[in-house]
$ cat work_17.pdb   # PDB, C-alpha atoms
ATOM      1  CA  MET C 114     -23.542 -29.330 -52.902  1.00  0.00           C
ATOM      2  CA  THR C 115     -20.278 -28.010 -54.160  1.00  0.00           C
ATOM      3  CA  GLN C 116     -16.980 -27.925 -52.345  1.00  0.00           C
ATOM      4  CA  VAL C 117     -17.099 -24.092 -52.044  1.00  0.00           C
ATOM      5  CA  GLN C 118     -20.529 -24.141 -50.341  1.00  0.00           C
ATOM      6  CA  PHE C 119     -19.325 -26.831 -47.934  1.00  0.00           C
ATOM      7  CA  ASN C 120     -16.237 -24.747 -46.973  1.00  0.00           C
ATOM      8  CA  ILE C 121     -18.371 -21.620 -46.470  1.00  0.00           C
ATOM      9  CA  GLU C 122     -20.764 -23.511 -44.206  1.00  0.00           C
ATOM     10  CA  GLN C 123     -17.834 -24.933 -42.237  1.00  0.00           C
ATOM     11  CA  ALA C 124     -16.341 -21.463 -41.865  1.00  0.00           C
ATOM     12  CA  PHE C 125     -19.651 -20.011 -40.633  1.00  0.00           C
ATOM     13  CA  ASP C 126     -20.088 -22.931 -38.206  1.00  0.00           C
ATOM     14  CA  GLU C 127     -16.572 -22.381 -36.877  1.00  0.00           C
ATOM     15  CA  ILE C 128     -17.161 -18.616 -36.509  1.00  0.00           C
ATOM     16  CA  ALA C 129     -20.484 -19.241 -34.722  1.00  0.00           C
ATOM     17  CA  THR C 130     -18.804 -21.729 -32.383  1.00  0.00           C
ATOM     18  CA  ASN C 131     -15.971 -19.279 -31.618  1.00  0.00           C
ATOM     19  CA  ILE C 132     -18.427 -16.449 -30.969  1.00  0.00           C
ATOM     20  CA  ASN C 133     -20.499 -18.716 -28.727  1.00  0.00           C
ATOM     21  CA  ASP C 134     -17.384 -19.786 -26.787  1.00  0.00           C
ATOM     22  CA  PHE C 135     -16.260 -16.168 -26.437  1.00  0.00           C
ATOM     23  CA  LEU C 136     -19.675 -15.048 -25.182  1.00  0.00           C
ATOM     24  CA  LEU C 137     -19.618 -17.813 -22.557  1.00  0.00           C
ATOM     25  CA  GLN C 138     -16.114 -16.740 -21.481  1.00  0.00           C
ATOM     26  CA  LEU C 139     -17.233 -13.100 -21.411  1.00  0.00           C
ATOM     27  CA  ALA C 140     -20.250 -13.938 -19.232  1.00  0.00           C
ATOM     28  CA  ASN C 141     -17.991 -15.973 -16.947  1.00  0.00           C
ATOM     29  CA  ALA C 142     -15.486 -13.103 -16.731  1.00  0.00           C
ATOM     30  CA  ILE C 143     -18.239 -10.598 -15.895  1.00  0.00           C
ATOM     31  CA  VAL C 144     -19.512 -12.827 -13.086  1.00  0.00           C
ATOM     32  CA  VAL C 145     -15.943 -13.310 -11.799  1.00  0.00           C
ATOM     33  CA  ALA C 146     -15.349  -9.537 -11.899  1.00  0.00           C
ATOM     34  CA  LEU C 147     -18.588  -8.750 -10.042  1.00  0.00           C
ATOM     35  CA  VAL C 148     -18.013 -11.419  -7.400  1.00  0.00           C
ATOM     36  CA  GLY C 149     -14.375 -10.313  -7.075  1.00  0.00           C
ATOM     37  CA  PHE C 150     -15.416  -6.688  -6.619  1.00  0.00           C
ATOM     38  CA  VAL C 151     -17.872  -7.651  -3.877  1.00  0.00           C
ATOM     39  CA  VAL C 152     -15.238  -9.833  -2.167  1.00  0.00           C
ATOM     40  CA  ILE C 153     -12.720  -6.962  -2.298  1.00  0.00           C
ATOM     41  CA  ARG C 154     -15.254  -4.577  -0.712  1.00  0.00           C
ATOM     42  CA  ILE C 155     -16.032  -7.113   2.039  1.00  0.00           C
ATOM     43  CA  LEU C 156     -12.343  -7.801   2.734  1.00  0.00           C
ATOM     44  CA  SER C 157     -11.618  -4.071   2.767  1.00  0.00           C
ATOM     45  CA  TRP C 158     -14.445  -3.487   5.245  1.00  0.00           C
ATOM     46  CA  ILE C 159     -13.223  -6.331   7.478  1.00  0.00           C
ATOM     47  CA  ALA C 160      -9.646  -5.021   7.344  1.00  0.00           C
ATOM     48  CA  SER C 161     -10.857  -1.501   8.217  1.00  0.00           C
ATOM     49  CA  TRP C 162     -12.833  -2.893  11.128  1.00  0.00           C
ATOM     50  CA  ILE C 163      -9.843  -4.890  12.428  1.00  0.00           C
ATOM     51  CA  ILE C 164      -7.402  -2.004  11.954  1.00  0.00           C
ATOM     52  CA  GLY C 165      -9.837   0.212  13.860  1.00  0.00           C
ATOM     53  CA  PHE C 166      -8.848  -1.654  17.021  1.00  0.00           C
ATOM     54  CA  ILE C 167      -5.140  -0.993  16.481  1.00  0.00           C
ATOM     55  CA  LYS C 168      -3.719   2.244  17.821  1.00  0.00           C
ATOM     56  CA  MET C 169      -2.072   4.011  14.878  1.00  0.00           C
ATOM     57  CA  PRO C 170      -2.456   7.284  12.986  1.00  0.00           C
ATOM     58  CA  LYS C 171      -5.498   7.591  10.700  1.00  0.00           C
ATOM     59  CA  GLY C 172      -3.272   8.310   7.711  1.00  0.00           C
ATOM     60  CA  LEU C 173      -1.433   5.024   8.164  1.00  0.00           C
ATOM     61  CA  LYS C 174      -4.729   3.151   8.426  1.00  0.00           C
ATOM     62  CA  GLY C 175      -5.862   4.699   5.145  1.00  0.00           C
ATOM     63  CA  ILE C 176      -2.588   3.793   3.448  1.00  0.00           C
ATOM     64  CA  ILE C 177      -2.847   0.170   4.604  1.00  0.00           C
ATOM     65  CA  ILE C 178      -6.443  -0.154   3.356  1.00  0.00           C
ATOM     66  CA  ALA C 179      -5.584   1.474   0.007  1.00  0.00           C
ATOM     67  CA  LEU C 180      -2.603  -0.847  -0.410  1.00  0.00           C
ATOM     68  CA  LEU C 181      -4.778  -3.882   0.361  1.00  0.00           C
ATOM     69  CA  ASP C 182      -7.428  -2.717  -2.139  1.00  0.00           C
ATOM     70  CA  THR C 183      -4.785  -2.195  -4.829  1.00  0.00           C
ATOM     71  CA  VAL C 184      -3.195  -5.617  -4.369  1.00  0.00           C
ATOM     72  CA  LEU C 185      -6.585  -7.343  -4.404  1.00  0.00           C
ATOM     73  CA  ALA C 186      -7.637  -5.387  -7.528  1.00  0.00           C
ATOM     74  CA  LEU C 187      -4.460  -6.481  -9.315  1.00  0.00           C
ATOM     75  CA  PHE C 188      -5.219 -10.110  -8.461  1.00  0.00           C
ATOM     76  CA  LEU C 189      -8.776  -9.616  -9.709  1.00  0.00           C
ATOM     77  CA  VAL C 190      -7.528  -8.263 -13.056  1.00  0.00           C
ATOM     78  CA  ILE C 191      -5.338 -11.348 -13.471  1.00  0.00           C
ATOM     79  CA  VAL C 192      -8.232 -13.691 -12.631  1.00  0.00           C
ATOM     80  CA  VAL C 193     -10.569 -11.883 -15.062  1.00  0.00           C
ATOM     81  CA  LEU C 194      -7.965 -12.102 -17.849  1.00  0.00           C
ATOM     82  CA  LYS C 195      -7.651 -15.835 -17.218  1.00  0.00           C
ATOM     83  CA  ALA C 196     -11.459 -16.206 -17.231  1.00  0.00           C
ATOM     84  CA  LEU C 197     -11.474 -14.569 -20.663  1.00  0.00           C
ATOM     85  CA  GLY C 198      -8.954 -17.157 -21.822  1.00  0.00           C
ATOM     86  CA  LEU C 199      -6.198 -14.588 -22.149  1.00  0.00           C
ATOM     87  CA  ASN C 200      -3.609 -16.565 -20.186  1.00  0.00           C
ATOM     88  CA  ASP C 201      -0.638 -15.078 -22.044  1.00  0.00           C
ATOM     89  CA  LEU C 202      -1.860 -11.553 -21.396  1.00  0.00           C
ATOM     90  CA  ALA C 203      -2.447 -12.417 -17.708  1.00  0.00           C
ATOM     91  CA  LEU C 204       1.118 -13.733 -17.506  1.00  0.00           C
ATOM     92  CA  ALA C 205       2.488 -10.583 -19.167  1.00  0.00           C
ATOM     93  CA  PHE C 206       0.413  -8.421 -16.819  1.00  0.00           C
ATOM     94  CA  THR C 207       1.767 -10.339 -13.833  1.00  0.00           C
ATOM     95  CA  ALA C 208       5.336  -9.865 -15.056  1.00  0.00           C
ATOM     96  CA  GLY C 209       4.706  -6.150 -15.566  1.00  0.00           C
ATOM     97  CA  VAL C 210       3.307  -5.767 -12.072  1.00  0.00           C
ATOM     98  CA  ALA C 211       6.294  -7.662 -10.644  1.00  0.00           C
ATOM     99  CA  ALA C 212       8.766  -5.463 -12.535  1.00  0.00           C
ATOM    100  CA  PHE C 213       6.958  -2.339 -11.365  1.00  0.00           C
ATOM    101  CA  GLY C 214       7.000  -3.660  -7.785  1.00  0.00           C
ATOM    102  CA  ILE C 215      10.735  -4.310  -7.937  1.00  0.00           C
ATOM    103  CA  ALA C 216      11.385  -0.817  -9.331  1.00  0.00           C
ATOM    104  CA  VAL C 217       9.245   0.838  -6.652  1.00  0.00           C
ATOM    105  CA  GLY C 218      10.823  -1.351  -3.973  1.00  0.00           C
ATOM    106  CA  ASN C 219      14.327  -0.357  -4.979  1.00  0.00           C
ATOM    107  CA  GLY C 220      13.396   3.294  -5.212  1.00  0.00           C
ATOM    108  CA  SER C 221      11.622   3.431  -1.885  1.00  0.00           C
ATOM    109  CA  VAL C 222      14.194   1.903   0.433  1.00  0.00           C
ATOM    110  CA  THR C 223      14.656   5.146   2.358  1.00  0.00           C
ATOM    111  CA  LEU C 224      10.896   5.751   2.435  1.00  0.00           C
ATOM    112  CA  VAL C 225      10.325   2.344   4.004  1.00  0.00           C
ATOM    113  CA  ALA C 226      13.185   2.901   6.462  1.00  0.00           C
ATOM    114  CA  ASP C 227      11.679   6.263   7.476  1.00  0.00           C
ATOM    115  CA  ILE C 228       8.219   4.759   7.936  1.00  0.00           C
ATOM    116  CA  ILE C 229       9.482   1.850  10.029  1.00  0.00           C
ATOM    117  CA  ALA C 230      11.592   4.224  12.143  1.00  0.00           C
ATOM    118  CA  GLY C 231       8.554   6.530  12.470  1.00  0.00           C
ATOM    119  CA  VAL C 232       6.468   3.679  13.857  1.00  0.00           C
ATOM    120  CA  TYR C 233       9.194   2.855  16.387  1.00  0.00           C
ATOM    121  CA  LEU C 234       9.633   6.506  17.387  1.00  0.00           C
ATOM    122  CA  ALA C 235       5.872   6.994  17.766  1.00  0.00           C
ATOM    123  CA  GLN C 236       5.750   4.073  20.176  1.00  0.00           C
ATOM    124  CA  ASP C 237       8.839   5.174  22.127  1.00  0.00           C
ATOM    125  CA  ARG C 238       7.695   6.674  25.439  1.00  0.00           C
ATOM    126  CA  ASP C 239      10.973   8.589  25.752  1.00  0.00           C
ATOM    127  CA  PHE C 240      10.437  10.527  22.527  1.00  0.00           C
ATOM    128  CA  GLY C 241       7.366  12.626  21.787  1.00  0.00           C
ATOM    129  CA  VAL C 242       5.936  15.982  20.800  1.00  0.00           C
ATOM    130  CA  GLY C 243       6.788  18.636  23.393  1.00  0.00           C
ATOM    131  CA  ASP C 244      10.003  16.999  24.584  1.00  0.00           C
ATOM    132  CA  ILE C 245      13.312  18.847  24.354  1.00  0.00           C
ATOM    133  CA  VAL C 246      15.932  16.652  22.695  1.00  0.00           C
ATOM    134  CA  ARG C 247      19.351  16.736  21.076  1.00  0.00           C
ATOM    135  CA  VAL C 248      19.253  14.771  17.849  1.00  0.00           C
ATOM    136  CA  GLY C 249      20.870  14.152  14.503  1.00  0.00           C
ATOM    137  CA  PRO C 250      24.442  14.035  13.296  1.00  0.00           C
ATOM    138  CA  ASP C 251      24.862  17.763  14.095  1.00  0.00           C
ATOM    139  CA  ASN C 252      23.377  17.395  17.618  1.00  0.00           C
ATOM    140  CA  ILE C 253      20.574  19.911  17.045  1.00  0.00           C
ATOM    141  CA  GLU C 254      18.833  20.772  20.317  1.00  0.00           C
ATOM    142  CA  GLY C 255      15.218  21.852  20.427  1.00  0.00           C
ATOM    143  CA  GLU C 256      11.581  20.969  21.052  1.00  0.00           C
ATOM    144  CA  ILE C 257       9.887  18.245  19.039  1.00  0.00           C
ATOM    145  CA  ILE C 258       7.002  20.063  17.345  1.00  0.00           C
ATOM    146  CA  SER C 259       5.764  17.212  15.165  1.00  0.00           C
ATOM    147  CA  LEU C 260       6.375  13.573  14.537  1.00  0.00           C
ATOM    148  CA  ASP C 261       4.829  11.734  11.610  1.00  0.00           C
ATOM    149  CA  LEU C 262       5.627   8.576   9.694  1.00  0.00           C
ATOM    150  CA  ARG C 263       8.359  10.158   7.576  1.00  0.00           C
ATOM    151  CA  ARG C 264       9.860  13.045   9.496  1.00  0.00           C
ATOM    152  CA  THR C 265      10.559  14.489  12.925  1.00  0.00           C
ATOM    153  CA  ARG C 266      10.474  18.280  13.158  1.00  0.00           C
ATOM    154  CA  ILE C 267      12.373  20.109  15.883  1.00  0.00           C
ATOM    155  CA  ALA C 268      12.278  23.841  16.646  1.00  0.00           C
ATOM    156  CA  ASP C 269      15.556  25.117  18.058  1.00  0.00           C
ATOM    157  CA  ARG C 270      15.884  28.066  20.480  1.00  0.00           C
ATOM    158  CA  GLY C 271      16.294  30.468  17.569  1.00  0.00           C
ATOM    159  CA  GLY C 272      12.915  29.412  16.168  1.00  0.00           C
ATOM    160  CA  ARG C 273      14.414  27.555  13.202  1.00  0.00           C
ATOM    161  CA  ILE C 274      12.674  24.325  12.323  1.00  0.00           C
ATOM    162  CA  HIS C 275      14.856  21.328  11.586  1.00  0.00           C
ATOM    163  CA  SER C 276      13.293  18.404   9.762  1.00  0.00           C
ATOM    164  CA  PHE C 277      14.957  15.023  10.141  1.00  0.00           C
ATOM    165  CA  PRO C 278      14.069  11.798   8.356  1.00  0.00           C
ATOM    166  CA  ASN C 279      12.943   9.353  11.037  1.00  0.00           C
ATOM    167  CA  ALA C 280      15.597   6.837   9.989  1.00  0.00           C
ATOM    168  CA  VAL C 281      18.298   9.420  10.832  1.00  0.00           C
ATOM    169  CA  VAL C 282      16.778  10.051  14.263  1.00  0.00           C
ATOM    170  CA  GLU C 283      16.445   6.330  14.954  1.00  0.00           C
ATOM    171  CA  ARG C 284      19.920   5.485  13.623  1.00  0.00           C
ATOM    172  CA  ASN C 285      21.690   8.204  15.641  1.00  0.00           C
ATOM    173  CA  ALA C 286      21.301   8.337  19.385  1.00  0.00           C
ATOM    174  CA  PHE C 287      19.075  11.112  20.685  1.00  0.00           C
ATOM    175  CA  VAL C 288      19.436  12.769  24.071  1.00  0.00           C
ATOM    176  CA  LEU C 289      16.300  13.571  26.047  1.00  0.00           C
ATOM    177  CA  ILE C 290      16.940  16.923  27.720  1.00  0.00           C
ATOM    178  CA  THR C 291      13.486  17.735  29.141  1.00  0.00           C
ATOM    179  CA  LYS C 292      10.347  15.631  29.199  1.00  0.00           C
ATOM    180  CA  LYS C 293       6.995  17.285  28.581  1.00  0.00           C
ATOM    181  CA  ARG C 294       5.242  17.571  31.948  1.00  0.00           C
ATOM    182  CA  ASN C 295       2.109  15.567  31.190  1.00  0.00           C
ATOM    183  CA  ARG C 296       4.115  12.647  29.820  1.00  0.00           C
ATOM    184  CA  LYS C 297       5.962  10.339  32.137  1.00  0.00           C
ATOM    185  CA  LEU C 298       9.179   8.460  31.590  1.00  0.00           C
ATOM    186  CA  LYS C 299       8.755   4.738  31.662  1.00  0.00           C
TER     187      LYS C 299
END
$ encode --input "work_17.pdb" --output "structure tokens"
Amino acid sequence: MTQVQFNIEQAFDEIATNINDFLLQLANAIVVALVGFVVIRILSWIASWIIGFIKMPKGLKGIIIALLDTVLALFLVIVVLKALGLNDLALAFTAGVAAFGIAVGNGSVTLVADIIAGVYLAQDRDFGVGDIVRVGPDNIEGEIISLDLRRTRIADRGGRIHSFPNAVVERNAFVLITKKRNRKLK
């Protein structure tokens, strides 16, 4: 046997070994992905069931479930990349997700403030749809016609609708002028 034949056989053996290792990693990654997908569905169902007992708007429940699904899917992608032996790519993916999260976090400070204020306003018994209030930095007086997670809308006596970010309403004092009849003050 010549030296060239020996090197060719070694090369083919090494290629076959690498292919075999890759196929095992691929099978492992597929199993991890399938199991992860099933676990995400189960956790999402459990979270939906638990959140069903909490009194909050349907839209907020949907947002919470979608956020949970997204975070779990990102973790699953990282685990699958590691199962494929792509640790460097998993690390880069993690860093990219972190950078994106920081950018979104910095850009959504007012959004988060409005949502948190909206939750507090929705739970405040002294502030609700149908009440007449004076609110905002310009002391706009009118009836609250809608209240959602981001904004409070007030119709003044002239029929104009004023839309305030919830953080502005929460930050500035509001004056309750008239309470809707079927709601009672605490």
$ residues_near_point --input "work_17.pdb" --point "(-15.9, -12.8, -14.2)" --cutoff "10 Å" --atoms "all atoms listed in the file" --output "list of chain:residue names"
C:Gln138, C:Leu139, C:Ala140, C:Asn141, C:Ala142, C:Ile143, C:Val144, C:Val145, C:Ala146, C:Leu147, C:Val148, C:Gly149, C:Phe150, C:Leu189, C:Val190, C:Val192, C:Val193, C:Leu194, C:Lys195, C:Ala196, C:Leu197
$ residues_around --input "work_17.pdb" --residues "stretch 278-283 of chain C" --least-positions-apart "6" --cutoff "10 Å" --atoms "all atoms listed in the file" --output "VMD selection string"
chain C and resid 223 to 234 247 to 250 260 to 266
$ axis_aligned_box --input "work_17.pdb" --around "stretch 219-235 of chain C" --padding-each-side "6 Å" --output "lines of an AutoDock Vina configuration file"
center_x = 10.3
center_y = 3.3
center_z = 6.3
size_x = 20.8
size_y = 19.4
size_z = 35.0
$ resolve_selection --input "work_17.pdb" --expression "the PyMOL selection byres ((chain C and resi 254) around 9)" --output "PyMOL selection string"
chain C and resi 245-248+252-253+255-256+267-270+288+290
$ resolve_selection --input "work_17.pdb" --expression "the PyMOL selection byres ((chain C and resi 172-187) around 9)" --output "list in words"
Gly149, Phe150, Ile153, Arg154, Leu156, Ser157, Trp158, Ala160, Ser161, Ile164, Gly165, Met169, Pro170, Lys171, Phe188, Leu189, Val190, Ile191, Val192, Thr207, Val210 and Leu262 of chain C
$ write_last_selection --input "work_17.pdb" --atoms "C-alpha atoms" --output "CSV table (one decimal), keeping the file's coordinate frame"
chain,number,residue,atom,x,y,z
C,149,GLY,CA,-14.4,-10.3,-7.1
C,150,PHE,CA,-15.4,-6.7,-6.6
C,153,ILE,CA,-12.7,-7.0,-2.3
C,154,ARG,CA,-15.3,-4.6,-0.7
C,156,LEU,CA,-12.3,-7.8,2.7
C,157,SER,CA,-11.6,-4.1,2.8
C,158,TRP,CA,-14.4,-3.5,5.2
C,160,ALA,CA,-9.6,-5.0,7.3
C,161,SER,CA,-10.9,-1.5,8.2
C,164,ILE,CA,-7.4,-2.0,12.0
C,165,GLY,CA,-9.8,0.2,13.9
C,169,MET,CA,-2.1,4.0,14.9
C,170,PRO,CA,-2.5,7.3,13.0
C,171,LYS,CA,-5.5,7.6,10.7
C,188,PHE,CA,-5.2,-10.1,-8.5
C,189,LEU,CA,-8.8,-9.6,-9.7
C,190,VAL,CA,-7.5,-8.3,-13.1
C,191,ILE,CA,-5.3,-11.3,-13.5
C,192,VAL,CA,-8.2,-13.7,-12.6
C,207,THR,CA,1.8,-10.3,-13.8
C,210,VAL,CA,3.3,-5.8,-12.1
C,262,LEU,CA,5.6,8.6,9.7
$ atom_distance --input "work_17.pdb" --atom1 "atom CA of C:Ile128" --atom2 "atom CA of C:Phe206"
28.3 Å
$ atom_distance --input "work_17.pdb" --atom1 "atom CA of C:Glu127" --atom2 "atom CA of C:Asp201"
23.0 Å
$ closest_residue --input "work_17.pdb" --among "C:Gly198, C:Glu122, C:Leu289, C:Gly243" --to "C:Phe135" --atoms "only C-alpha atoms"
C:Gly198
$ atom_distance --input "work_17.pdb" --atom1 "atom CA of C:Asp244" --atom2 "atom CA of C:Thr291"
5.8 Å
$ closest_residue --input "work_17.pdb" --among "C:Thr130, C:Ile159, C:Lys292, C:His275" --to "C:Asp239" --atoms "all atoms listed in the file"
C:Lys292
$ build_atoms --input "work_17.pdb" --residues "stretch 273-284 of chain C" --atoms "all heavy atoms" --output "PDB file, keeping the file's coordinate frame"
ATOM      1  N   ARG C 273      14.237  28.279  14.466  1.00  0.00           N
ATOM      2  CA  ARG C 273      14.414  27.555  13.202  1.00  0.00           C
ATOM      3  C   ARG C 273      13.864  26.143  13.358  1.00  0.00           C
ATOM      4  O   ARG C 273      14.024  25.510  14.399  1.00  0.00           O
ATOM      5  CB  ARG C 273      15.889  27.520  12.818  1.00  0.00           C
ATOM      6  CG  ARG C 273      16.453  28.877  12.467  1.00  0.00           C
ATOM      7  CD  ARG C 273      17.922  28.779  12.086  1.00  0.00           C
ATOM      8  NE  ARG C 273      18.695  28.194  13.170  1.00  0.00           N
ATOM      9  CZ  ARG C 273      19.474  28.875  13.993  1.00  0.00           C
ATOM     10  NH1 ARG C 273      19.600  30.165  13.845  1.00  0.00           N
ATOM     11  NH2 ARG C 273      20.134  28.276  14.959  1.00  0.00           N
ATOM     12  N   ILE C 274      13.235  25.673  12.300  1.00  0.00           N
ATOM     13  CA  ILE C 274      12.674  24.325  12.323  1.00  0.00           C
ATOM     14  C   ILE C 274      13.588  23.402  11.539  1.00  0.00           C
ATOM     15  O   ILE C 274      13.907  23.662  10.374  1.00  0.00           O
ATOM     16  CB  ILE C 274      11.248  24.308  11.749  1.00  0.00           C
ATOM     17  CG1 ILE C 274      10.340  25.166  12.630  1.00  0.00           C
ATOM     18  CG2 ILE C 274      10.725  22.883  11.638  1.00  0.00           C
ATOM     19  CD1 ILE C 274       8.938  25.318  12.128  1.00  0.00           C
ATOM     20  N   HIS C 275      13.998  22.339  12.204  1.00  0.00           N
ATOM     21  CA  HIS C 275      14.856  21.328  11.586  1.00  0.00           C
ATOM     22  C   HIS C 275      13.996  20.096  11.339  1.00  0.00           C
ATOM     23  O   HIS C 275      13.297  19.623  12.236  1.00  0.00           O
ATOM     24  CB  HIS C 275      16.031  20.974  12.502  1.00  0.00           C
ATOM     25  CG  HIS C 275      16.872  22.152  12.868  1.00  0.00           C
ATOM     26  ND1 HIS C 275      17.968  22.528  12.145  1.00  0.00           N
ATOM     27  CD2 HIS C 275      16.753  23.056  13.880  1.00  0.00           C
ATOM     28  CE1 HIS C 275      18.515  23.604  12.689  1.00  0.00           C
ATOM     29  NE2 HIS C 275      17.783  23.941  13.757  1.00  0.00           N
ATOM     30  N   SER C 276      14.085  19.576  10.135  1.00  0.00           N
ATOM     31  CA  SER C 276      13.293  18.404   9.762  1.00  0.00           C
ATOM     32  C   SER C 276      14.248  17.245   9.493  1.00  0.00           C
ATOM     33  O   SER C 276      15.103  17.333   8.613  1.00  0.00           O
ATOM     34  CB  SER C 276      12.464  18.726   8.516  1.00  0.00           C
ATOM     35  OG  SER C 276      11.688  17.628   8.150  1.00  0.00           O
ATOM     36  N   PHE C 277      14.092  16.186  10.269  1.00  0.00           N
ATOM     37  CA  PHE C 277      14.957  15.023  10.141  1.00  0.00           C
ATOM     38  C   PHE C 277      14.161  13.824   9.639  1.00  0.00           C
ATOM     39  O   PHE C 277      13.062  13.565  10.143  1.00  0.00           O
ATOM     40  CB  PHE C 277      15.560  14.622  11.507  1.00  0.00           C
ATOM     41  CG  PHE C 277      16.471  15.646  12.092  1.00  0.00           C
ATOM     42  CD1 PHE C 277      16.013  16.535  13.044  1.00  0.00           C
ATOM     43  CD2 PHE C 277      17.794  15.708  11.697  1.00  0.00           C
ATOM     44  CE1 PHE C 277      16.853  17.473  13.599  1.00  0.00           C
ATOM     45  CE2 PHE C 277      18.641  16.648  12.251  1.00  0.00           C
ATOM     46  CZ  PHE C 277      18.178  17.538  13.200  1.00  0.00           C
ATOM     47  N   PRO C 278      14.707  13.080   8.689  1.00  0.00           N
ATOM     48  CA  PRO C 278      14.069  11.798   8.356  1.00  0.00           C
ATOM     49  C   PRO C 278      14.097  10.906   9.598  1.00  0.00           C
ATOM     50  O   PRO C 278      15.075  10.910  10.357  1.00  0.00           O
ATOM     51  CB  PRO C 278      14.958  11.227   7.249  1.00  0.00           C
ATOM     52  CG  PRO C 278      15.722  12.394   6.708  1.00  0.00           C
ATOM     53  CD  PRO C 278      15.866  13.360   7.846  1.00  0.00           C
ATOM     54  N   ASN C 279      13.025  10.186   9.834  1.00  0.00           N
ATOM     55  CA  ASN C 279      12.943   9.353  11.037  1.00  0.00           C
ATOM     56  C   ASN C 279      14.063   8.327  11.119  1.00  0.00           C
ATOM     57  O   ASN C 279      14.516   7.986  12.207  1.00  0.00           O
ATOM     58  CB  ASN C 279      11.580   8.665  11.110  1.00  0.00           C
ATOM     59  CG  ASN C 279      10.488   9.632  11.485  1.00  0.00           C
ATOM     60  OD1 ASN C 279      10.730  10.626  12.155  1.00  0.00           O
ATOM     61  ND2 ASN C 279       9.279   9.354  11.040  1.00  0.00           N
ATOM     62  N   ALA C 280      14.513   7.824   9.972  1.00  0.00           N
ATOM     63  CA  ALA C 280      15.597   6.837   9.989  1.00  0.00           C
ATOM     64  C   ALA C 280      16.871   7.454  10.555  1.00  0.00           C
ATOM     65  O   ALA C 280      17.634   6.782  11.251  1.00  0.00           O
ATOM     66  CB  ALA C 280      15.838   6.281   8.585  1.00  0.00           C
ATOM     67  N   VAL C 281      17.117   8.744  10.292  1.00  0.00           N
ATOM     68  CA  VAL C 281      18.298   9.420  10.832  1.00  0.00           C
ATOM     69  C   VAL C 281      18.173   9.546  12.340  1.00  0.00           C
ATOM     70  O   VAL C 281      19.135   9.303  13.081  1.00  0.00           O
ATOM     71  CB  VAL C 281      18.476  10.807  10.166  1.00  0.00           C
ATOM     72  CG1 VAL C 281      19.534  11.628  10.879  1.00  0.00           C
ATOM     73  CG2 VAL C 281      18.813  10.648   8.702  1.00  0.00           C
ATOM     74  N   VAL C 282      16.994   9.912  12.821  1.00  0.00           N
ATOM     75  CA  VAL C 282      16.778  10.051  14.263  1.00  0.00           C
ATOM     76  C   VAL C 282      16.942   8.699  14.949  1.00  0.00           C
ATOM     77  O   VAL C 282      17.589   8.593  15.989  1.00  0.00           O
ATOM     78  CB  VAL C 282      15.376  10.639  14.554  1.00  0.00           C
ATOM     79  CG1 VAL C 282      15.106  10.675  16.054  1.00  0.00           C
ATOM     80  CG2 VAL C 282      15.243  12.018  13.942  1.00  0.00           C
ATOM     81  N   GLU C 283      16.382   7.666  14.356  1.00  0.00           N
ATOM     82  CA  GLU C 283      16.445   6.330  14.954  1.00  0.00           C
ATOM     83  C   GLU C 283      17.870   5.772  14.903  1.00  0.00           C
ATOM     84  O   GLU C 283      18.317   5.109  15.829  1.00  0.00           O
ATOM     85  CB  GLU C 283      15.470   5.397  14.217  1.00  0.00           C
ATOM     86  CG  GLU C 283      15.384   4.011  14.771  1.00  0.00           C
ATOM     87  CD  GLU C 283      14.684   3.923  16.118  1.00  0.00           C
ATOM     88  OE1 GLU C 283      13.955   4.847  16.496  1.00  0.00           O
ATOM     89  OE2 GLU C 283      14.896   2.908  16.800  1.00  0.00           O
ATOM     90  N   ARG C 284      18.579   6.026  13.808  1.00  0.00           N
ATOM     91  CA  ARG C 284      19.920   5.485  13.623  1.00  0.00           C
ATOM     92  C   ARG C 284      20.914   6.151  14.572  1.00  0.00           C
ATOM     93  O   ARG C 284      21.792   5.497  15.125  1.00  0.00           O
ATOM     94  CB  ARG C 284      20.362   5.685  12.167  1.00  0.00           C
ATOM     95  CG  ARG C 284      21.586   4.919  11.772  1.00  0.00           C
ATOM     96  CD  ARG C 284      21.951   5.059  10.295  1.00  0.00           C
ATOM     97  NE  ARG C 284      20.807   5.068   9.403  1.00  0.00           N
ATOM     98  CZ  ARG C 284      20.470   6.098   8.630  1.00  0.00           C
ATOM     99  NH1 ARG C 284      21.178   7.200   8.627  1.00  0.00           N
ATOM    100  NH2 ARG C 284      19.408   6.037   7.837  1.00  0.00           N
TER     101      ARG C 284
END
